[in-house]
Amino acid sequence: MLIVYMTMRHSMQKNAHSLLKVTIPARPEILLKMTAIMAKANPDVEQVVTTLKEDAGLYSIVLATVNSPRFGLRKQISSISHAIVLLGLPKVFSLVRLVLLKSTLSKSDSMERFWDTASEVALITQELTSRYTELDCDNAYSIGMLHDCGIPIIMQADPKYKDILRQTNGESSKALLEIERNIYGMEHFTLGAKLVNKWEMPENVHKTIILQASFPEIILKYKSRANDSLMYLSLLSIAKDISSNYRRFWRLNNRQEITPSIMTCLEYIGLCDYDYLDLKEEYIDSLEQTTTS
């Protein structure tokens, strides 16, 4: 690992200065218009719908997402107006912002696997949040979708970054963060936090993404304090662990292994290790059924 790291650092250090000047993607014009509408005391629903209709592709994607299993609607809906009636304007606005962010970050090739994993983590984070807390489930979903959103930003700025991801696959996240800091001067969690802050995502989404760089020490330090961002971080970390286990064929042979960092999350949430093993098996079975169906 050290040899790989030193080789990468030598060959890529010349990119560091330019990457520090990487431009965080700006919000599209249509999102700026919607944000202005939503900032009013009584947002005009028809104005929101009219604005969305300016971009037929976005309108279709938002409608398809609303009709996905995530929202569990009993009947297919055919208009954003109906979606707003059923889900509420804030939830639809949050969805539009996520769809646009994903589109903006998907300019690099071969991003399907990245977003498949992000969607998986987002759904699990949302469900865990609903099951164990009274926190905002929309925030939880956004956190899951965007927890690694700094990766596409670096990837777009430096194609050689893919080599780092390949070489560190299977290593701890701290190994990747150390390499990023040494080569680029910052890690992808910081870039991701800058992005969601620029796009005016909820504060807890921003805080949770950047706190990943201090995980699990930050939870250990404040384990006796009730804090929404730390709770989101704990739930996200568990969702990532479940997703990671599902994507490794050896997972069933290691059913009894729970890392110290995940134990820290379980203690913060108030779950015991046996409950978590059952919970993880439940989610993995569910993911396997979804994949094979």
# chains A, B, ... in the order shown; residues from 1 in each chain; ligands from 1

call {"tool": "residues_around", "arguments": {"residues": "stretch 76-93 of chain A", "least_positions_apart": "6", "cutoff": "8 Å", "atoms": "only C-alpha atoms", "output": "number ranges by chain"}}
result
A: 34, 45-46, 49, 59, 62-63, 66-67, 138

call {"tool": "write_last_selection", "arguments": {"atoms": "C-alpha atoms", "output": "PDB file, in the first residue's frame"}}
result
ATOM      1  CA  MET A  34     -37.347  27.464  -7.996  1.00  0.00           C
ATOM      2  CA  VAL A  45     -47.467  25.814  -6.709  1.00  0.00           C
ATOM      3  CA  GLU A  46     -48.469  26.600 -10.288  1.00  0.00           C
ATOM      4  CA  VAL A  49     -44.941  23.456 -12.025  1.00  0.00           C
ATOM      5  CA  TYR A  59     -39.871  17.104 -15.424  1.00  0.00           C
ATOM      6  CA  VAL A  62     -38.748  13.941 -11.296  1.00  0.00           C
ATOM      7  CA  LEU A  63     -42.056  12.302 -12.225  1.00  0.00           C
ATOM      8  CA  VAL A  66     -41.875  10.076  -7.603  1.00  0.00           C
ATOM      9  CA  ASN A  67     -43.391   6.917  -9.101  1.00  0.00           C
ATOM     10  CA  ASP A 138     -35.778  13.444   3.451  1.00  0.00           C
TER      11      ASP A 138
END

call {"tool": "residues_around", "arguments": {"residues": "stretch 243-248 of chain A", "least_positions_apart": "4", "cutoff": "9 Å", "atoms": "only C-alpha atoms", "output": "list in words"}}
result
Thr117, Glu120, Val121, Ile124, Ile238, Ala239, Leu252, Lys280, Tyr283, Ile284, Asp285, Leu287 and Glu288 of chain A

call {"tool": "closest_atom_pairs", "arguments": {"of": "stretch 63-150 of chain A", "to": "stretch 225-234 of chain A", "cutoff": "9 Å", "atoms": "only C-alpha atoms", "output": "tab-separated table"}}
result
residue	atom	partner	partner_atom	distance
A:Thr125	CA	A:Tyr232	CA	8.2
A:Thr129	CA	A:Tyr232	CA	7.7
A:Thr133	CA	A:Met231	CA	8.7
A:Leu135	CA	A:Asp228	CA	7.5
A:Asn139	CA	A:Tyr232	CA	8.8
A:Ala140	CA	A:Tyr232	CA	6.7
A:Ile143	CA	A:Tyr232	CA	8.0

call {"tool": "closest_residue", "arguments": {"among": "A:Leu277, A:Leu236, A:Thr190, A:Ile183", "to": "A:Lys160", "atoms": "only C-alpha atoms"}}
result
A:Ile183

call {"tool": "select_by_dssp", "arguments": {"residues": "stretch 112-271 of chain A", "states": "alpha helix (DSSP H)", "output": "PyMOL selection string"}}
result
chain A and resi 112-132+137-146+150-157+161-167+173-184+188-198+203-211+217-221+228-246+260-269

call {"tool": "residues_around", "arguments": {"residues": "A:Tyr268", "least_positions_apart": "2", "cutoff": "9 Å", "atoms": "only C-alpha atoms", "output": "PyMOL selection string"}}
result
chain A and resi 219-220+223-224+226+230-231+234+263-266+270-271

call {"tool": "residues_around", "arguments": {"residues": "A:Met186", "least_positions_apart": "3", "cutoff": "12 Å", "atoms": "only C-alpha atoms", "output": "list in words"}}
result
Ala16, His17, Leu19, Leu20, Lys21, Val22, Gly150, Ile151, Ile154, Leu176, Leu177, Glu178, Ile179, Glu180, Arg181, Asn182, Ile183, Phe189, Thr190, Leu191, Gly192, Ala193, Lys194, Ile210 and Ala213 of chain A

call {"tool": "write_last_selection", "arguments": {"atoms": "C-alpha atoms", "output": "compact mmCIF listing (two decimals), in the first residue's frame"}}
result
# COMPACT_ATOMS: atom_id res chain seq x y z
CA ALA A 16 -2.50 19.28 -6.78
CA HIS A 17 -2.25 23.01 -7.37
CA LEU A 19 -7.18 20.76 -8.38
CA LEU A 20 -7.31 23.11 -5.42
CA LYS A 21 -8.82 25.62 -7.84
CA VAL A 22 -11.48 23.17 -8.97
CA GLY A 150 -16.97 14.91 -3.69
CA ILE A 151 -15.67 11.88 -5.61
CA ILE A 154 -12.33 15.13 -8.16
CA LEU A 176 -8.13 7.04 0.89
CA LEU A 177 -8.54 10.28 2.85
CA GLU A 178 -4.83 10.36 3.69
CA ILE A 179 -3.87 9.95 0.05
CA GLU A 180 -6.34 12.65 -1.03
CA ARG A 181 -5.00 15.12 1.53
CA ASN A 182 -1.39 14.50 0.53
CA ILE A 183 -2.01 14.73 -3.21
CA PHE A 189 -15.75 14.89 2.06
CA THR A 190 -14.65 18.55 2.25
CA LEU A 191 -15.40 19.05 -1.44
CA GLY A 192 -18.76 17.34 -1.04
CA ALA A 193 -19.64 19.59 1.88
CA LYS A 194 -18.67 22.66 -0.15
CA ILE A 210 -18.12 16.83 6.38
CA ALA A 213 -13.79 12.91 7.73

call {"tool": "residues_around", "arguments": {"residues": "stretch 51-57 of chain A", "least_positions_apart": "4", "cutoff": "7 Å", "atoms": "only C-alpha atoms", "output": "PDB file with N, CA, C and O atoms, in the first residue's frame"}}
result
ATOM      1  N   ILE A  30     -32.633  26.888 -13.637  1.00  0.00           N
ATOM      2  CA  ILE A  30     -33.975  26.447 -13.247  1.00  0.00           C
ATOM      3  C   ILE A  30     -34.074  26.258 -11.739  1.00  0.00           C
ATOM      4  O   ILE A  30     -35.121  26.526 -11.134  1.00  0.00           O
ATOM      5  N   GLN A  47     -46.608  28.130 -10.205  1.00  0.00           N
ATOM      6  CA  GLN A  47     -45.367  28.720 -10.697  1.00  0.00           C
ATOM      7  C   GLN A  47     -44.235  27.691 -10.664  1.00  0.00           C
ATOM      8  O   GLN A  47     -43.394  27.646 -11.567  1.00  0.00           O
ATOM      9  N   ILE A  61     -37.883  13.103 -15.335  1.00  0.00           N
ATOM     10  CA  ILE A  61     -37.075  12.381 -14.344  1.00  0.00           C
ATOM     11  C   ILE A  61     -37.688  12.513 -12.953  1.00  0.00           C
ATOM     12  O   ILE A  61     -37.770  11.538 -12.198  1.00  0.00           O
TER      13      ILE A  61
END

call {"tool": "decode", "arguments": {"residues": "stretch 275-288 of chain A", "atoms": "all heavy atoms", "output": "mmCIF file, in the first residue's frame"}}
result
data_model
loop_
_atom_site.group_PDB
_atom_site.id
_atom_site.type_symbol
_atom_site.label_atom_id
_atom_site.label_comp_id
_atom_site.auth_asym_id
_atom_site.auth_seq_id
_atom_site.Cartn_x
_atom_site.Cartn_y
_atom_site.Cartn_z
ATOM 1 N N ASP A 275 -28.841 -7.334 17.767
ATOM 2 C CA ASP A 275 -29.913 -6.710 16.985
ATOM 3 C C ASP A 275 -29.387 -6.251 15.634
ATOM 4 O O ASP A 275 -30.071 -6.358 14.611
ATOM 5 C CB ASP A 275 -30.508 -5.528 17.736
ATOM 6 C CG ASP A 275 -31.379 -5.953 18.905
ATOM 7 O OD1 ASP A 275 -31.821 -7.122 18.906
ATOM 8 O OD2 ASP A 275 -31.617 -5.129 19.807
ATOM 9 N N TYR A 276 -28.159 -5.736 15.639
ATOM 10 C CA TYR A 276 -27.597 -5.244 14.387
ATOM 11 C C TYR A 276 -27.316 -6.386 13.407
ATOM 12 O O TYR A 276 -27.553 -6.244 12.198
ATOM 13 C CB TYR A 276 -26.315 -4.450 14.632
ATOM 14 C CG TYR A 276 -25.691 -3.982 13.338
ATOM 15 C CD1 TYR A 276 -26.418 -3.192 12.445
ATOM 16 C CD2 TYR A 276 -24.395 -4.339 12.987
ATOM 17 C CE1 TYR A 276 -25.869 -2.764 11.250
ATOM 18 C CE2 TYR A 276 -23.839 -3.916 11.786
ATOM 19 C CZ TYR A 276 -24.586 -3.130 10.927
ATOM 20 O OH TYR A 276 -24.042 -2.724 9.731
ATOM 21 N N LEU A 277 -26.819 -7.499 13.909
ATOM 22 C CA LEU A 277 -26.566 -8.642 13.032
ATOM 23 C C LEU A 277 -27.857 -9.120 12.368
ATOM 24 O O LEU A 277 -27.881 -9.434 11.177
ATOM 25 C CB LEU A 277 -25.921 -9.777 13.819
ATOM 26 C CG LEU A 277 -24.477 -9.536 14.277
ATOM 27 C CD1 LEU A 277 -24.018 -10.639 15.212
ATOM 28 C CD2 LEU A 277 -23.541 -9.408 13.087
ATOM 29 N N ASP A 278 -28.931 -9.137 13.147
ATOM 30 C CA ASP A 278 -30.230 -9.513 12.571
ATOM 31 C C ASP A 278 -30.698 -8.462 11.571
ATOM 32 O O ASP A 278 -31.231 -8.798 10.505
ATOM 33 C CB ASP A 278 -31.277 -9.671 13.679
ATOM 34 C CG ASP A 278 -31.027 -10.903 14.541
ATOM 35 O OD1 ASP A 278 -30.345 -11.838 14.064
ATOM 36 O OD2 ASP A 278 -31.508 -10.930 15.687
ATOM 37 N N LEU A 279 -30.491 -7.188 11.922
ATOM 38 C CA LEU A 279 -30.896 -6.094 11.046
ATOM 39 C C LEU A 279 -30.130 -6.153 9.723
ATOM 40 O O LEU A 279 -30.724 -6.013 8.639
ATOM 41 C CB LEU A 279 -30.624 -4.757 11.738
ATOM 42 C CG LEU A 279 -30.970 -3.494 10.948
ATOM 43 C CD1 LEU A 279 -32.484 -3.333 10.849
ATOM 44 C CD2 LEU A 279 -30.348 -2.262 11.625
ATOM 45 N N LYS A 280 -28.837 -6.395 9.812
ATOM 46 C CA LYS A 280 -28.012 -6.455 8.607
ATOM 47 C C LYS A 280 -28.438 -7.608 7.712
ATOM 48 O O LYS A 280 -28.537 -7.469 6.498
ATOM 49 C CB LYS A 280 -26.532 -6.578 8.988
ATOM 50 C CG LYS A 280 -25.608 -6.623 7.785
ATOM 51 C CD LYS A 280 -24.195 -6.186 8.115
ATOM 52 C CE LYS A 280 -23.526 -7.035 9.153
ATOM 53 N NZ LYS A 280 -22.084 -6.674 9.280
ATOM 54 N N GLU A 281 -28.708 -8.754 8.322
ATOM 55 C CA GLU A 281 -29.152 -9.909 7.544
ATOM 56 C C GLU A 281 -30.493 -9.616 6.870
ATOM 57 O O GLU A 281 -30.721 -10.007 5.718
ATOM 58 C CB GLU A 281 -29.281 -11.132 8.451
ATOM 59 C CG GLU A 281 -29.605 -12.411 7.690
ATOM 60 C CD GLU A 281 -29.515 -13.640 8.574
ATOM 61 O OE1 GLU A 281 -28.751 -13.618 9.561
ATOM 62 O OE2 GLU A 281 -30.214 -14.622 8.285
ATOM 63 N N GLU A 282 -31.369 -8.918 7.589
ATOM 64 C CA GLU A 282 -32.670 -8.548 7.022
ATOM 65 C C GLU A 282 -32.501 -7.679 5.777
ATOM 66 O O GLU A 282 -33.141 -7.923 4.743
ATOM 67 C CB GLU A 282 -33.471 -7.780 8.083
ATOM 68 C CG GLU A 282 -34.768 -7.164 7.572
ATOM 69 C CD GLU A 282 -35.385 -6.205 8.586
ATOM 70 O OE1 GLU A 282 -35.157 -6.387 9.808
ATOM 71 O OE2 GLU A 282 -36.081 -5.264 8.148
ATOM 72 N N TYR A 283 -31.634 -6.670 5.852
ATOM 73 C CA TYR A 283 -31.422 -5.778 4.721
ATOM 74 C C TYR A 283 -30.723 -6.488 3.566
ATOM 75 O O TYR A 283 -31.064 -6.261 2.398
ATOM 76 C CB TYR A 283 -30.611 -4.556 5.151
ATOM 77 C CG TYR A 283 -31.469 -3.444 5.708
ATOM 78 C CD1 TYR A 283 -31.493 -3.164 7.063
ATOM 79 C CD2 TYR A 283 -32.268 -2.673 4.872
ATOM 80 C CE1 TYR A 283 -32.280 -2.149 7.580
ATOM 81 C CE2 TYR A 283 -33.062 -1.651 5.374
ATOM 82 C CZ TYR A 283 -33.069 -1.396 6.728
ATOM 83 O OH TYR A 283 -33.864 -0.389 7.228
ATOM 84 N N ILE A 284 -29.744 -7.325 3.873
ATOM 85 C CA ILE A 284 -29.033 -8.033 2.810
ATOM 86 C C ILE A 284 -29.976 -8.969 2.068
ATOM 87 O O ILE A 284 -29.956 -9.054 0.832
ATOM 88 C CB ILE A 284 -27.817 -8.807 3.391
ATOM 89 C CG1 ILE A 284 -26.728 -7.809 3.795
ATOM 90 C CG2 ILE A 284 -27.274 -9.800 2.371
ATOM 91 C CD1 ILE A 284 -25.547 -8.430 4.478
ATOM 92 N N ASP A 285 -30.837 -9.660 2.801
ATOM 93 C CA ASP A 285 -31.834 -10.527 2.160
ATOM 94 C C ASP A 285 -32.756 -9.705 1.255
ATOM 95 O O ASP A 285 -33.103 -10.117 0.144
ATOM 96 C CB ASP A 285 -32.669 -11.262 3.214
ATOM 97 C CG ASP A 285 -31.880 -12.356 3.905
ATOM 98 O OD1 ASP A 285 -30.831 -12.754 3.383
ATOM 99 O OD2 ASP A 285 -32.326 -12.814 4.979
ATOM 100 N N SER A 286 -33.163 -8.534 1.763
ATOM 101 C CA SER A 286 -34.036 -7.663 0.995
ATOM 102 C C SER A 286 -33.361 -7.157 -0.272
ATOM 103 O O SER A 286 -33.967 -7.132 -1.362
ATOM 104 C CB SER A 286 -34.477 -6.467 1.850
ATOM 105 O OG SER A 286 -35.270 -5.566 1.099
ATOM 106 N N LEU A 287 -32.076 -6.797 -0.160
ATOM 107 C CA LEU A 287 -31.340 -6.328 -1.326
ATOM 108 C C LEU A 287 -31.155 -7.431 -2.360
ATOM 109 O O LEU A 287 -31.246 -7.193 -3.563
ATOM 110 C CB LEU A 287 -29.967 -5.788 -0.886
ATOM 111 C CG LEU A 287 -29.984 -4.474 -0.112
ATOM 112 C CD1 LEU A 287 -28.623 -4.195 0.497
ATOM 113 C CD2 LEU A 287 -30.399 -3.320 -1.026
ATOM 114 N N GLU A 288 -30.923 -8.651 -1.883
ATOM 115 C CA GLU A 288 -30.760 -9.778 -2.794
ATOM 116 C C GLU A 288 -32.068 -10.081 -3.535
ATOM 117 O O GLU A 288 -32.069 -10.362 -4.728
ATOM 118 C CB GLU A 288 -30.301 -11.018 -2.034
ATOM 119 C CG GLU A 288 -28.838 -10.933 -1.598
ATOM 120 C CD GLU A 288 -28.382 -12.158 -0.829
ATOM 121 O OE1 GLU A 288 -29.261 -12.850 -0.258
ATOM 122 O OE2 GLU A 288 -27.186 -12.429 -0.801
#
